[in-house]
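Asks: So here's query28.tsv, just TSV, C-alpha atoms:
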chain	number	residue	atom	x	y	z
A	1	MET	CA	4.29	-11.78	-11.68
A	2	ILE	CA	6.76	-13.67	-9.58
A	3	GLU	CA	4.49	-13.55	-6.52
A	4	LEU	CA	1.91	-15.58	-8.44
A	5	GLU	CA	4.57	-18.03	-9.63
A	6	LEU	CA	5.85	-18.54	-6.07
A	7	ASP	CA	2.30	-19.08	-4.86
A	8	ARG	CA	1.61	-21.55	-7.68
A	9	LEU	CA	4.86	-23.37	-6.91
A	10	LEU	CA	4.04	-23.54	-3.21
A	11	LYS	CA	0.59	-24.97	-3.91
A	12	SER	CA	2.09	-27.59	-6.21
A	13	ALA	CA	4.77	-28.54	-3.69
A	14	LYS	CA	2.14	-28.99	-0.97
A	15	VAL	CA	0.54	-31.84	-2.91
A	16	ASP	CA	3.62	-33.19	-4.71
A	17	SER	CA	6.11	-34.61	-2.21
A	18	THR	CA	8.70	-35.23	-4.93
A	19	LEU	CA	8.64	-31.58	-5.96
A	20	LYS	CA	8.84	-30.52	-2.33
A	21	SER	CA	11.87	-32.76	-1.79
A	22	GLU	CA	13.57	-31.45	-4.92
A	23	LEU	CA	13.02	-27.86	-3.83
A	24	LEU	CA	14.35	-28.53	-0.35
A	25	ALA	CA	17.39	-30.31	-1.79
A	26	THR	CA	18.46	-27.13	-3.62
A	27	ARG	CA	19.21	-25.55	-0.23
A	28	GLN	CA	22.10	-28.00	0.25
A	29	SER	CA	23.91	-27.08	-2.97
A	30	ASN	CA	26.85	-24.70	-3.39
A	31	ASN	CA	24.57	-22.22	-5.20
A	32	PRO	CA	21.18	-22.70	-3.53
A	33	VAL	CA	19.32	-19.71	-4.97
A	34	ASP	CA	20.61	-20.32	-8.48
A	35	ASP	CA	19.80	-24.03	-8.29
A	36	PHE	CA	16.34	-23.23	-6.87
A	37	CYS	CA	15.60	-20.91	-9.79
A	38	LEU	CA	16.94	-23.40	-12.35
A	39	LEU	CA	14.77	-26.16	-10.91
A	40	CYS	CA	11.74	-23.88	-10.96
A	41	GLN	CA	12.34	-23.01	-14.60
A	42	GLN	CA	12.80	-26.69	-15.49
A	43	LYS	CA	9.43	-27.40	-13.85
A	44	GLY	CA	7.71	-24.60	-15.79
A	45	TYR	CA	7.72	-21.79	-13.22
A	46	ASP	CA	8.96	-18.38	-14.36
A	47	ILE	CA	11.19	-17.57	-11.38
A	48	THR	CA	14.56	-15.87	-11.82
A	49	ILE	CA	17.16	-14.76	-9.31
A	50	GLY	CA	16.80	-11.08	-10.13
A	51	GLU	CA	13.04	-11.12	-9.75
A	52	LEU	CA	13.26	-13.22	-6.61
A	53	PHE	CA	15.46	-10.66	-4.87
A	54	ALA	CA	13.61	-7.68	-6.31
A	55	VAL	CA	10.16	-8.84	-5.18
A	56	GLY	CA	11.17	-8.91	-1.54
A	57	GLN	CA	12.82	-5.52	-1.70
A	58	THR	CA	9.87	-4.01	-3.55
A	59	SER	CA	7.43	-5.40	-0.99
A	60	ASN	CA	9.48	-4.11	1.93
A	61	ASP	CA	9.83	-0.67	0.31
A	62	ALA	CA	6.06	-0.47	-0.21
A	63	LYS	CA	5.45	-1.25	3.47
A	64	LEU	CA	7.83	1.53	4.50
A	65	ARG	CA	6.15	4.04	2.16
A	66	SER	CA	2.74	3.13	3.53
A	67	VAL	CA	3.52	4.56	6.98
A	68	ASN	CA	4.21	8.10	5.71
A	69	GLY	CA	7.67	8.35	7.22
A	70	GLY	CA	6.80	6.62	10.49
A	71	GLY	CA	8.76	3.46	9.68
A	72	VAL	CA	12.30	4.51	8.90
A	73	ASN	CA	13.83	1.04	9.15
A	74	GLY	CA	12.93	-2.05	7.19
A	75	ILE	CA	11.74	-5.12	9.06
A	76	ASP	CA	14.36	-7.87	8.96
A	77	GLY	CA	13.26	-10.82	6.89
A	78	TRP	CA	10.39	-9.09	5.12
A	79	ASP	CA	12.56	-8.44	2.09
A	80	ASP	CA	13.62	-12.06	1.58
A	81	ALA	CA	11.03	-13.81	-0.58
A	82	TYR	CA	13.34	-16.82	-0.99
A	83	GLU	CA	13.57	-17.48	2.75
A	84	GLN	CA	9.88	-16.75	3.25
A	85	PHE	CA	9.04	-19.28	0.54
A	86	PHE	CA	11.06	-22.00	2.26
A	87	LEU	CA	9.72	-21.21	5.70
A	88	THR	CA	6.21	-21.65	4.37
A	89	LEU	CA	7.18	-24.80	2.45
A	90	LEU	CA	8.71	-26.37	5.56
A	91	TRP	CA	5.55	-25.69	7.59
A	92	THR	CA	3.36	-27.50	5.06
Could you show the structure in this file as structure tokens?

Replies:
Amino acid sequence: MIELELDRLLKSAKVDSTLKSELLATRQSNNPVDDFCLLCQQKGYDITIGELFAVGQTSNDAKLRSVNGGGVNGIDGWDDAYEQFFLTLLWT
């Protein structure tokens, strides 16, 4: 599951400053999400663009279903696993 891979990557980046720097550097490229995923795969993490976007959307959809029709609008930012990953990485 990509959630587990992102969590494993985050834990590794917390203790490996080189990895953290490499991950943050991908945000400055012309294709940041693609370069992020390529770096992750090179480092042994099974993270792809499609799964990265799908996990956020799936999570947001599940939250909306859990309120039995009471939440008709998604919450901005909850569907973006990529941005959430980097926000957490920057805070560590």

Asks: Could you check which of A:Tyr82, A:Val15, A:Ile2, A:Arg8 is closest to Asp34 of chain A, using all atoms listed in the file?

Replies: A:Tyr82

Asks: If I take atom CA of Ser21 of chain A and atom CA of Ala54 of chain A, how far is one from the other in Å, to one decimal?

Replies: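 Separation between atom CA of Ser21 of chain A and atom CA of Ala54 of chain A: 25.5 Å.
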
Asks: Given the choices A:Glu22, A:Asp16, A:Asp80, A:Glu5, which gets closest to Val55 of chain A if the distance is worked out from only C-alpha atoms?

Replies: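 Smallest separation from Val55 of chain A among the options: A:Asp80.
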
Asks: Nearest to Gly44 of chain A: which of A:Lys20, A:Met1, A:Leu89, A:Leu9 is it, counting all atoms listed in the file?

Replies: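 Going through A:Lys20, A:Met1, A:Leu89, A:Leu9 one by one, the smallest distance to Gly44 of chain A is for A:Leu9.
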
Asks: Go through A:Ala13, A:Leu4, A:Ala81, A:Ala25 one by one, measure the shortest atom-to-atom distance of each to Gly50 of chain A using all atoms listed in the file, and give the residue with the smallest value.

Replies: A:Ala81

Asks: Determine, counting only C-alpha atoms, which protein, DNA and RNA residues have an atom within 7 Å of an atom of Asp35 of chain A; residues of the same chain fewer than 4 positions away are not included. Present the result as a VMD selection string.

Replies: chain A and resid 26 31 39

Asks: Please measure the separation of atom CA of Leu90 of chain A and atom CA of Gln28 of chain A, giving the value in Å to one decimal.

Replies: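 Atom-to-atom, atom CA of Leu90 of chain A to atom CA of Gln28 of chain A, that is 14.5 Å.
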
Asks: How many Å lie between atom CA of Trp91 of chain A and atom CA of Phe36 of chain A, rounded to one decimal?

Replies: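 Taking atom CA of Trp91 of chain A and atom CA of Phe36 of chain A, their separation equals 18.2 Å.
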
Asks: Mind checking which residues fall within 8 Å of Ile49 of chain A, counting only C-alpha atoms, ignoring those fewer than 3 positions away in the same chain, and posting them as a VMD selection string?

Replies: chain A and resid 33 to 34 37 52 to 53
